[in-house]
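Below you'll find the structure, written out as structure tokens, and then a few comments.
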Amino acid sequence: MKFNLGRLVTTGILLGLMAAGQAVAQAYPHKPIRLVVAFGTGSVNDLTARDLARYMSEYLGQSVVVENRAGGGGSVGTDVVAKAAPDGYTIGMGTSSQLVMNVGLFKTLPFDVDRDLRSIGLIARTPAVLVASTAMPKTLKEVVAYARANPGKVTYGSAGTGSVNHIFGAGFARAADISLLHVPYKGSGAALIDLSGGHVNLLLDSLISTAPVVQQGRAHFLAISSAKRSKVVPDVPTFSELGLPAVEAVTWNNLFAPAKTPDDIIARLNAALNKALTEQVVKDRLAQGSSENLAPSTPAQADAFGQAERAKWVPFIRAMKIDVN
């Protein structure tokens, strides 16, 4: 019997390479994973990401390290993930600001959300609350009636032109068929200070941001944009209860990865995320802001959720013709 030594050697090398490749794939993750947060340290998004990273690390058997890459309203950090190697070692924490609002606000972005990114899974969605200065009427019905009687004179603050609460305020005005005057600030903190001082009339923001001002008696709640009342503030009615079901102003979060990340790696990360979201520390942090925990979710459900949010908000934002470029 004759043997082709060269062929045997070549075959052996190929089989060895295939086995090595399979071993590497099965070994994921074999090094630390970078979780990019597109906002600064200490923000609610940052704190939530760090909780998730802690418990995902336990599930995955590798460190998940949070890296803050702020700038461009979240676009800088998003672009870092979009251009990263699709190997599961760079993922991002997404927000509605990055994945919805920016798409409508900016004429060009260095990435395409639908083409360059894919979802790992959903984290939570958070309603907005409408708060009013103490000089304003106590109920939403009375505020709307006052605004209709004084078109363009009722002011609402925001964290800046093109911010989530700027857009949410415009959405509320459209739903209520009233004319409001937008007053942009450099951050929600500054807007809250002026609200509490009576220098601006209204603000749509998160419960965790506005509750201290209300508790101090310097403002009062009018409505919350969740589907049902919050357990944190059960006395605050929903917009829907008050006849404005079109006000569905919620922010939300997900985890995402570069678009070409393999399905098996996405599935592994999805399982780790869903597991982390069952941890009491994570559940408690989300509950503090009246956020609805969206676990468990699949990558397909998360993709569909983001696409539906863009379909709803992007045309409205573009019609506002906000100049942020």
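FYI, nothing fancy with the structure tokens labels: chains A, B, ... in order, residues from 1 per chain, ligands from 1 as they appear.
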Original post:
Could you pull the residues within 6 Å of region 94-106 of chain A, counting only C-alpha atoms, minus those fewer than 6 positions along the same chain, as a list in words?
Top reply: Gly74, Thr251, Trp252, Asn253, Asn254, Leu255, Arg310, Val314, Ile317 and Arg318 of chain A
Could those selected residues go to a file with N, CA and C atoms, as a JSON list (two decimals), in the first residue's frame?
[["chain", "number", "residue", "atom", "x", "y", "z"],
["A", 74, "GLY", "N", -24.05, 60.39, 23.05],
["A", 74, "GLY", "CA", -24.04, 58.92, 23.03],
["A", 74, "GLY", "C", -23.49, 58.34, 21.75],
["A", 251, "THR", "N", -38.10, 56.12, 28.19],
["A", 251, "THR", "CA", -36.73, 55.85, 27.79],
["A", 251, "THR", "C", -36.49, 54.36, 28.02],
["A", 252, "TRP", "N", -35.49, 53.80, 27.36],
["A", 252, "TRP", "CA", -35.25, 52.37, 27.51],
["A", 252, "TRP", "C", -33.78, 52.05, 27.27],
["A", 253, "ASN", "N", -33.40, 50.85, 27.69],
["A", 253, "ASN", "CA", -32.02, 50.40, 27.58],
["A", 253, "ASN", "C", -31.95, 48.99, 27.00],
["A", 254, "ASN", "N", -30.86, 48.72, 26.32],
["A", 254, "ASN", "CA", -30.57, 47.36, 25.90],
["A", 254, "ASN", "C", -29.07, 47.13, 25.93],
["A", 255, "LEU", "N", -28.65, 45.92, 25.61],
["A", 255, "LEU", "CA", -27.25, 45.65, 25.32],
["A", 255, "LEU", "C", -27.16, 45.33, 23.83],
["A", 310, "ARG", "N", -37.98, 53.48, 16.70],
["A", 310, "ARG", "CA", -37.48, 54.39, 15.65],
["A", 310, "ARG", "C", -38.59, 54.75, 14.68],
["A", 314, "VAL", "N", -38.63, 58.77, 15.08],
["A", 314, "VAL", "CA", -37.74, 59.43, 14.12],
["A", 314, "VAL", "C", -38.49, 60.40, 13.20],
["A", 317, "ILE", "N", -39.35, 63.52, 15.23],
["A", 317, "ILE", "CA", -38.17, 64.34, 15.53],
["A", 317, "ILE", "C", -37.74, 65.12, 14.30],
["A", 318, "ARG", "N", -37.70, 64.46, 13.16],
["A", 318, "ARG", "CA", -37.28, 65.13, 11.93],
["A", 318, "ARG", "C", -38.25, 66.25, 11.55]]
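Near Val247 (chain A), within 8 Å and counting only C-alpha atoms, sit A:Gly171, A:Phe172, A:Ala175, A:Ser225, A:Phe239, A:Ser240, not including residues fewer than 6 positions from it in the same chain.
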At a cut-off of 10 Å, using only C-alpha atoms, what residues contact Ser290 (chain A)? Leave out same-chain residues fewer than 3 positions from it and give the result as a PDB file with all heavy atoms, in the first residue's frame.
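Contents of result.pdb, as written:
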ATOM      1  N   ALA A 124     -34.529  47.486  30.366  1.00  0.00           N
ATOM      2  CA  ALA A 124     -35.681  48.091  31.047  1.00  0.00           C
ATOM      3  C   ALA A 124     -36.208  49.267  30.238  1.00  0.00           C
ATOM      4  O   ALA A 124     -35.545  49.776  29.343  1.00  0.00           O
ATOM      5  CB  ALA A 124     -35.272  48.574  32.436  1.00  0.00           C
ATOM      6  N   ARG A 125     -37.425  49.672  30.571  1.00  0.00           N
ATOM      7  CA  ARG A 125     -37.955  50.932  30.046  1.00  0.00           C
ATOM      8  C   ARG A 125     -38.454  51.753  31.227  1.00  0.00           C
ATOM      9  O   ARG A 125     -38.969  51.210  32.212  1.00  0.00           O
ATOM     10  CB  ARG A 125     -39.057  50.693  29.019  1.00  0.00           C
ATOM     11  CG  ARG A 125     -40.276  49.944  29.500  1.00  0.00           C
ATOM     12  CD  ARG A 125     -41.233  49.721  28.335  1.00  0.00           C
ATOM     13  NE  ARG A 125     -42.281  48.768  28.686  1.00  0.00           N
ATOM     14  CZ  ARG A 125     -43.055  48.166  27.780  1.00  0.00           C
ATOM     15  NH1 ARG A 125     -42.920  48.437  26.503  1.00  0.00           N
ATOM     16  NH2 ARG A 125     -43.974  47.309  28.168  1.00  0.00           N
ATOM     17  N   THR A 126     -38.280  53.046  31.097  1.00  0.00           N
ATOM     18  CA  THR A 126     -38.544  53.947  32.217  1.00  0.00           C
ATOM     19  C   THR A 126     -39.502  55.049  31.791  1.00  0.00           C
ATOM     20  O   THR A 126     -39.237  55.761  30.817  1.00  0.00           O
ATOM     21  CB  THR A 126     -37.220  54.587  32.704  1.00  0.00           C
ATOM     22  OG1 THR A 126     -36.276  53.552  32.991  1.00  0.00           O
ATOM     23  CG2 THR A 126     -37.461  55.435  33.944  1.00  0.00           C
ATOM     24  N   PRO A 127     -40.598  55.222  32.508  1.00  0.00           N
ATOM     25  CA  PRO A 127     -41.539  56.286  32.147  1.00  0.00           C
ATOM     26  C   PRO A 127     -41.012  57.653  32.531  1.00  0.00           C
ATOM     27  O   PRO A 127     -40.100  57.790  33.355  1.00  0.00           O
ATOM     28  CB  PRO A 127     -42.784  55.933  32.972  1.00  0.00           C
ATOM     29  CG  PRO A 127     -42.230  55.247  34.184  1.00  0.00           C
ATOM     30  CD  PRO A 127     -41.053  54.452  33.685  1.00  0.00           C
ATOM     31  N   ALA A 128     -41.593  58.653  31.930  1.00  0.00           N
ATOM     32  CA  ALA A 128     -41.299  60.038  32.303  1.00  0.00           C
ATOM     33  C   ALA A 128     -42.462  60.556  33.146  1.00  0.00           C
ATOM     34  O   ALA A 128     -43.597  60.093  33.006  1.00  0.00           O
ATOM     35  CB  ALA A 128     -41.135  60.902  31.053  1.00  0.00           C
ATOM     36  N   SER A 206     -37.305  61.907  34.423  1.00  0.00           N
ATOM     37  CA  SER A 206     -37.435  60.639  35.130  1.00  0.00           C
ATOM     38  C   SER A 206     -37.912  60.857  36.560  1.00  0.00           C
ATOM     39  O   SER A 206     -37.706  61.921  37.155  1.00  0.00           O
ATOM     40  CB  SER A 206     -36.097  59.898  35.148  1.00  0.00           C
ATOM     41  OG  SER A 206     -35.155  60.606  35.941  1.00  0.00           O
ATOM     42  N   LEU A 207     -38.522  59.834  37.105  1.00  0.00           N
ATOM     43  CA  LEU A 207     -39.011  59.900  38.480  1.00  0.00           C
ATOM     44  C   LEU A 207     -37.858  60.055  39.463  1.00  0.00           C
ATOM     45  O   LEU A 207     -37.935  60.820  40.425  1.00  0.00           O
ATOM     46  CB  LEU A 207     -39.810  58.630  38.792  1.00  0.00           C
ATOM     47  CG  LEU A 207     -40.420  58.510  40.184  1.00  0.00           C
ATOM     48  CD1 LEU A 207     -41.407  59.645  40.429  1.00  0.00           C
ATOM     49  CD2 LEU A 207     -41.108  57.163  40.343  1.00  0.00           C
ATOM     50  N   ILE A 208     -36.760  59.349  39.194  1.00  0.00           N
ATOM     51  CA  ILE A 208     -35.630  59.395  40.122  1.00  0.00           C
ATOM     52  C   ILE A 208     -35.017  60.794  40.188  1.00  0.00           C
ATOM     53  O   ILE A 208     -34.476  61.202  41.209  1.00  0.00           O
ATOM     54  CB  ILE A 208     -34.574  58.330  39.723  1.00  0.00           C
ATOM     55  CG1 ILE A 208     -33.670  58.025  40.909  1.00  0.00           C
ATOM     56  CG2 ILE A 208     -33.769  58.765  38.508  1.00  0.00           C
ATOM     57  CD1 ILE A 208     -32.830  56.780  40.729  1.00  0.00           C
ATOM     58  N   SER A 226     -46.231  55.902  32.075  1.00  0.00           N
ATOM     59  CA  SER A 226     -46.291  54.438  32.033  1.00  0.00           C
ATOM     60  C   SER A 226     -47.707  53.968  31.713  1.00  0.00           C
ATOM     61  O   SER A 226     -48.679  54.722  31.806  1.00  0.00           O
ATOM     62  CB  SER A 226     -45.829  53.856  33.372  1.00  0.00           C
ATOM     63  OG  SER A 226     -46.469  54.515  34.440  1.00  0.00           O
ATOM     64  N   ARG A 229     -50.089  52.868  36.787  1.00  0.00           N
ATOM     65  CA  ARG A 229     -49.482  53.694  37.825  1.00  0.00           C
ATOM     66  C   ARG A 229     -48.244  53.025  38.427  1.00  0.00           C
ATOM     67  O   ARG A 229     -48.147  51.802  38.487  1.00  0.00           O
ATOM     68  CB  ARG A 229     -50.494  53.984  38.933  1.00  0.00           C
ATOM     69  CG  ARG A 229     -51.651  54.840  38.487  1.00  0.00           C
ATOM     70  CD  ARG A 229     -52.413  55.410  39.663  1.00  0.00           C
ATOM     71  NE  ARG A 229     -53.582  56.174  39.236  1.00  0.00           N
ATOM     72  CZ  ARG A 229     -54.198  57.077  39.991  1.00  0.00           C
ATOM     73  NH1 ARG A 229     -53.760  57.328  41.215  1.00  0.00           N
ATOM     74  NH2 ARG A 229     -55.253  57.724  39.525  1.00  0.00           N
ATOM     75  N   SER A 230     -47.316  53.851  38.842  1.00  0.00           N
ATOM     76  CA  SER A 230     -46.088  53.352  39.440  1.00  0.00           C
ATOM     77  C   SER A 230     -46.302  53.003  40.906  1.00  0.00           C
ATOM     78  O   SER A 230     -47.003  53.711  41.636  1.00  0.00           O
ATOM     79  CB  SER A 230     -44.988  54.423  39.330  1.00  0.00           C
ATOM     80  OG  SER A 230     -43.887  54.098  40.147  1.00  0.00           O
ATOM     81  N   LYS A 231     -45.662  51.912  41.340  1.00  0.00           N
ATOM     82  CA  LYS A 231     -45.724  51.536  42.753  1.00  0.00           C
ATOM     83  C   LYS A 231     -44.954  52.531  43.610  1.00  0.00           C
ATOM     84  O   LYS A 231     -45.206  52.651  44.803  1.00  0.00           O
ATOM     85  CB  LYS A 231     -45.153  50.138  42.939  1.00  0.00           C
ATOM     86  CG  LYS A 231     -45.982  49.036  42.293  1.00  0.00           C
ATOM     87  CD  LYS A 231     -45.346  47.670  42.510  1.00  0.00           C
ATOM     88  CE  LYS A 231     -46.177  46.572  41.844  1.00  0.00           C
ATOM     89  NZ  LYS A 231     -45.547  45.228  42.011  1.00  0.00           N
ATOM     90  N   VAL A 232     -44.025  53.241  43.000  1.00  0.00           N
ATOM     91  CA  VAL A 232     -43.229  54.217  43.737  1.00  0.00           C
ATOM     92  C   VAL A 232     -44.055  55.465  44.066  1.00  0.00           C
ATOM     93  O   VAL A 232     -43.950  56.021  45.158  1.00  0.00           O
ATOM     94  CB  VAL A 232     -41.974  54.607  42.924  1.00  0.00           C
ATOM     95  CG1 VAL A 232     -41.140  55.643  43.678  1.00  0.00           C
ATOM     96  CG2 VAL A 232     -41.132  53.372  42.616  1.00  0.00           C
ATOM     97  N   VAL A 233     -44.900  55.899  43.113  1.00  0.00           N
ATOM     98  CA  VAL A 233     -45.770  57.069  43.320  1.00  0.00           C
ATOM     99  C   VAL A 233     -47.200  56.684  42.895  1.00  0.00           C
ATOM    100  O   VAL A 233     -47.700  57.165  41.874  1.00  0.00           O
ATOM    101  CB  VAL A 233     -45.270  58.303  42.544  1.00  0.00           C
ATOM    102  CG1 VAL A 233     -44.076  58.930  43.228  1.00  0.00           C
ATOM    103  CG2 VAL A 233     -44.902  57.932  41.105  1.00  0.00           C
ATOM    104  N   ASP A 284     -33.668  45.963  42.266  1.00  0.00           N
ATOM    105  CA  ASP A 284     -33.904  47.081  43.184  1.00  0.00           C
ATOM    106  C   ASP A 284     -33.485  48.408  42.554  1.00  0.00           C
ATOM    107  O   ASP A 284     -34.184  49.416  42.714  1.00  0.00           O
ATOM    108  CB  ASP A 284     -33.136  46.868  44.488  1.00  0.00           C
ATOM    109  CG  ASP A 284     -33.745  45.773  45.359  1.00  0.00           C
ATOM    110  OD1 ASP A 284     -34.889  45.369  45.084  1.00  0.00           O
ATOM    111  OD2 ASP A 284     -33.054  45.317  46.296  1.00  0.00           O
ATOM    112  N   ARG A 285     -32.350  48.416  41.840  1.00  0.00           N
ATOM    113  CA  ARG A 285     -31.900  49.664  41.222  1.00  0.00           C
ATOM    114  C   ARG A 285     -32.904  50.129  40.170  1.00  0.00           C
ATOM    115  O   ARG A 285     -33.220  51.315  40.071  1.00  0.00           O
ATOM    116  CB  ARG A 285     -30.519  49.513  40.597  1.00  0.00           C
ATOM    117  CG  ARG A 285     -29.983  50.859  40.093  1.00  0.00           C
ATOM    118  CD  ARG A 285     -28.593  50.761  39.531  1.00  0.00           C
ATOM    119  NE  ARG A 285     -27.599  50.376  40.502  1.00  0.00           N
ATOM    120  CZ  ARG A 285     -27.070  51.187  41.417  1.00  0.00           C
ATOM    121  NH1 ARG A 285     -27.483  52.460  41.490  1.00  0.00           N
ATOM    122  NH2 ARG A 285     -26.153  50.774  42.254  1.00  0.00           N
ATOM    123  N   LEU A 286     -33.403  49.206  39.369  1.00  0.00           N
ATOM    124  CA  LEU A 286     -34.383  49.569  38.349  1.00  0.00           C
ATOM    125  C   LEU A 286     -35.678  50.063  38.995  1.00  0.00           C
ATOM    126  O   LEU A 286     -36.287  51.029  38.536  1.00  0.00           O
ATOM    127  CB  LEU A 286     -34.662  48.371  37.443  1.00  0.00           C
ATOM    128  CG  LEU A 286     -33.487  47.904  36.568  1.00  0.00           C
ATOM    129  CD1 LEU A 286     -33.870  46.651  35.791  1.00  0.00           C
ATOM    130  CD2 LEU A 286     -33.039  48.998  35.618  1.00  0.00           C
ATOM    131  N   ALA A 287     -36.080  49.401  40.076  1.00  0.00           N
ATOM    132  CA  ALA A 287     -37.320  49.784  40.755  1.00  0.00           C
ATOM    133  C   ALA A 287     -37.239  51.179  41.356  1.00  0.00           C
ATOM    134  O   ALA A 287     -38.251  51.894  41.429  1.00  0.00           O
ATOM    135  CB  ALA A 287     -37.661  48.767  41.841  1.00  0.00           C
ATOM    136  N   ASN A 293     -38.525  46.197  34.417  1.00  0.00           N
ATOM    137  CA  ASN A 293     -37.534  45.196  34.026  1.00  0.00           C
ATOM    138  C   ASN A 293     -38.097  44.391  32.856  1.00  0.00           C
ATOM    139  O   ASN A 293     -39.164  43.794  32.962  1.00  0.00           O
ATOM    140  CB  ASN A 293     -37.240  44.294  35.231  1.00  0.00           C
ATOM    141  CG  ASN A 293     -36.055  43.373  35.016  1.00  0.00           C
ATOM    142  OD1 ASN A 293     -35.827  42.875  33.917  1.00  0.00           O
ATOM    143  ND2 ASN A 293     -35.304  43.124  36.082  1.00  0.00           N
TER     144      ASN A 293
END
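Candidate residues A:Ile193, A:Leu122, A:Ala257, A:Met320 were compared for distance to Ala84 (chain A), and the nearest is A:Ala257, using only C-alpha atoms.
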Subject >> Surrounding residues of Ala38 (chain A) excluding itself and chain neighbours under 3 positions, 7 Å, only C-alpha atoms, as a PyMOL selection string >> reply: chain A and resi 68-70+74+76-78
Can you tell me, as an mmCIF file with all heavy atoms, in the first residue's frame, what residues are no more than 8 Å from region 116-119 of chain A when counting only C-alpha atoms, ignoring any on the same chain fewer than 4 positions away?
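The new file part.cif reads:
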data_model
loop_
_atom_site.group_PDB
_atom_site.id
_atom_site.type_symbol
_atom_site.label_atom_id
_atom_site.label_comp_id
_atom_site.auth_asym_id
_atom_site.auth_seq_id
_atom_site.Cartn_x
_atom_site.Cartn_y
_atom_site.Cartn_z
ATOM 1 N N ALA A 82 -19.856 49.857 17.181
ATOM 2 C CA ALA A 82 -20.179 49.580 15.775
ATOM 3 C C ALA A 82 -18.945 49.202 14.970
ATOM 4 O O ALA A 82 -19.017 48.364 14.058
ATOM 5 C CB ALA A 82 -20.859 50.799 15.148
ATOM 6 N N LYS A 83 -17.793 49.786 15.322
ATOM 7 C CA LYS A 83 -16.565 49.544 14.558
ATOM 8 C C LYS A 83 -15.641 48.512 15.208
ATOM 9 O O LYS A 83 -14.530 48.266 14.704
ATOM 10 C CB LYS A 83 -15.833 50.865 14.344
ATOM 11 C CG LYS A 83 -16.573 51.801 13.383
ATOM 12 C CD LYS A 83 -15.821 53.089 13.146
ATOM 13 C CE LYS A 83 -16.432 53.906 12.005
ATOM 14 N NZ LYS A 83 -17.850 54.207 12.173
ATOM 15 N N PHE A 111 -22.295 55.727 11.967
ATOM 16 C CA PHE A 111 -22.750 54.338 11.944
ATOM 17 C C PHE A 111 -24.214 54.318 11.554
ATOM 18 O O PHE A 111 -24.900 55.340 11.605
ATOM 19 C CB PHE A 111 -22.567 53.684 13.325
ATOM 20 C CG PHE A 111 -23.244 54.460 14.431
ATOM 21 C CD1 PHE A 111 -24.580 54.281 14.731
ATOM 22 C CD2 PHE A 111 -22.533 55.420 15.148
ATOM 23 C CE1 PHE A 111 -25.203 55.033 15.717
ATOM 24 C CE2 PHE A 111 -23.144 56.166 16.149
ATOM 25 C CZ PHE A 111 -24.482 55.972 16.426
ATOM 26 N N ASP A 112 -24.693 53.151 11.168
ATOM 27 C CA ASP A 112 -26.102 52.940 10.878
ATOM 28 C C ASP A 112 -26.624 51.939 11.909
ATOM 29 O O ASP A 112 -26.128 50.811 11.986
ATOM 30 C CB ASP A 112 -26.289 52.398 9.459
ATOM 31 C CG ASP A 112 -27.756 52.220 9.086
ATOM 32 O OD1 ASP A 112 -28.424 51.337 9.669
ATOM 33 O OD2 ASP A 112 -28.221 52.958 8.203
ATOM 34 N N ASN A 254 -30.856 48.723 26.325
ATOM 35 C CA ASN A 254 -30.565 47.364 25.899
ATOM 36 C C ASN A 254 -29.068 47.133 25.933
ATOM 37 O O ASN A 254 -28.294 48.026 26.276
ATOM 38 C CB ASN A 254 -31.129 47.091 24.497
ATOM 39 C CG ASN A 254 -30.354 47.798 23.384
ATOM 40 O OD1 ASN A 254 -29.439 48.583 23.637
ATOM 41 N ND2 ASN A 254 -30.712 47.531 22.145
ATOM 42 N N LEU A 255 -28.650 45.923 25.605
ATOM 43 C CA LEU A 255 -27.250 45.648 25.317
ATOM 44 C C LEU A 255 -27.162 45.332 23.833
ATOM 45 O O LEU A 255 -28.060 44.679 23.280
ATOM 46 C CB LEU A 255 -26.721 44.466 26.133
ATOM 47 C CG LEU A 255 -26.480 44.683 27.629
ATOM 48 C CD1 LEU A 255 -25.739 43.470 28.207
ATOM 49 C CD2 LEU A 255 -25.709 45.959 27.927
ATOM 50 N N PHE A 256 -26.093 45.788 23.185
ATOM 51 C CA PHE A 256 -25.952 45.545 21.753
ATOM 52 C C PHE A 256 -24.507 45.197 21.422
ATOM 53 O O PHE A 256 -23.592 45.383 22.246
ATOM 54 C CB PHE A 256 -26.435 46.741 20.936
ATOM 55 C CG PHE A 256 -25.646 48.015 21.159
ATOM 56 C CD1 PHE A 256 -24.558 48.331 20.356
ATOM 57 C CD2 PHE A 256 -26.005 48.903 22.167
ATOM 58 C CE1 PHE A 256 -23.840 49.506 20.551
ATOM 59 C CE2 PHE A 256 -25.293 50.079 22.372
ATOM 60 C CZ PHE A 256 -24.196 50.376 21.556
ATOM 61 N N ALA A 257 -24.305 44.696 20.205
ATOM 62 C CA ALA A 257 -22.990 44.249 19.759
ATOM 63 C C ALA A 257 -22.815 44.623 18.291
ATOM 64 O O ALA A 257 -23.779 44.991 17.618
ATOM 65 C CB ALA A 257 -22.866 42.734 19.943
ATOM 66 N N PRO A 258 -21.594 44.523 17.758
ATOM 67 C CA PRO A 258 -21.409 44.726 16.313
ATOM 68 C C PRO A 258 -22.279 43.759 15.517
ATOM 69 O O PRO A 258 -22.520 42.618 15.949
ATOM 70 C CB PRO A 258 -19.919 44.420 16.111
ATOM 71 C CG PRO A 258 -19.290 44.724 17.433
ATOM 72 C CD PRO A 258 -20.305 44.311 18.458
ATOM 73 N N ALA A 259 -22.748 44.201 14.371
ATOM 74 C CA ALA A 259 -23.758 43.463 13.601
ATOM 75 C C ALA A 259 -23.344 42.045 13.235
ATOM 76 O O ALA A 259 -24.179 41.136 13.190
ATOM 77 C CB ALA A 259 -24.106 44.243 12.339
ATOM 78 N N LYS A 260 -22.060 41.820 12.963
ATOM 79 C CA LYS A 260 -21.628 40.502 12.484
ATOM 80 C C LYS A 260 -21.196 39.557 13.604
ATOM 81 O O LYS A 260 -20.623 38.500 13.343
ATOM 82 C CB LYS A 260 -20.492 40.683 11.475
ATOM 83 C CG LYS A 260 -20.936 41.383 10.195
ATOM 84 C CD LYS A 260 -19.797 41.507 9.193
ATOM 85 C CE LYS A 260 -20.277 42.219 7.924
ATOM 86 N NZ LYS A 260 -19.182 42.361 6.916
ATOM 87 N N PRO A 299 -32.800 38.288 21.547
ATOM 88 C CA PRO A 299 -32.214 39.289 20.651
ATOM 89 C C PRO A 299 -33.209 39.761 19.590
ATOM 90 O O PRO A 299 -33.249 40.953 19.269
ATOM 91 C CB PRO A 299 -31.030 38.542 20.025
ATOM 92 C CG PRO A 299 -30.630 37.547 21.073
ATOM 93 C CD PRO A 299 -31.926 37.089 21.676
ATOM 94 N N ALA A 300 -34.018 38.844 19.061
ATOM 95 C CA ALA A 300 -34.994 39.226 18.031
ATOM 96 C C ALA A 300 -36.037 40.177 18.596
ATOM 97 O O ALA A 300 -36.433 41.149 17.938
ATOM 98 C CB ALA A 300 -35.666 37.977 17.465
ATOM 99 N N ALA A 302 -35.597 42.224 21.089
ATOM 100 C CA ALA A 302 -34.927 43.498 21.334
ATOM 101 C C ALA A 302 -34.752 44.283 20.035
ATOM 102 O O ALA A 302 -34.948 45.502 20.002
ATOM 103 C CB ALA A 302 -33.572 43.260 21.996
ATOM 104 N N ASP A 303 -34.390 43.601 18.964
ATOM 105 C CA ASP A 303 -34.272 44.264 17.662
ATOM 106 C C ASP A 303 -35.615 44.852 17.228
ATOM 107 O O ASP A 303 -35.691 46.000 16.774
ATOM 108 C CB ASP A 303 -33.787 43.273 16.596
ATOM 109 C CG ASP A 303 -32.273 43.135 16.567
ATOM 110 O OD1 ASP A 303 -31.575 44.077 16.980
ATOM 111 O OD2 ASP A 303 -31.792 42.073 16.137
#
Subject >> Who sits within 6 Å of Tyr89 (chain A), only C-alpha atoms, same chain under 2 positions skipped, as a count of residues only >> reply: 3
Original post:
From the set A:Val183, A:Ala308, A:Val131, A:Val143, which residue has the shortest atom-to-atom contact distance to Phe221 (chain A), counting only C-alpha atoms?
Top reply: A:Val131
Subject >> Residues within 9 Å of Gly160 (chain A), only C-alpha atoms, excluding chain neighbours under 3 positions, as a count of residues only >> reply: 11
**OP:** Rank A:Gly92, A:Gly243, A:Gly197, A:Gly121 by their smallest atom-to-atom distance to Leu277 (chain A), using only C-alpha atoms, and report the top residue only.
**Re:** A:Gly121
Subject >> strand (DSSP E) positions in region 48-207 of chain A, given as a VMD selection string >> reply: chain A and resid 64 to 68 90 to 95 117 to 133 155 to 158 181 to 184 202 to 206
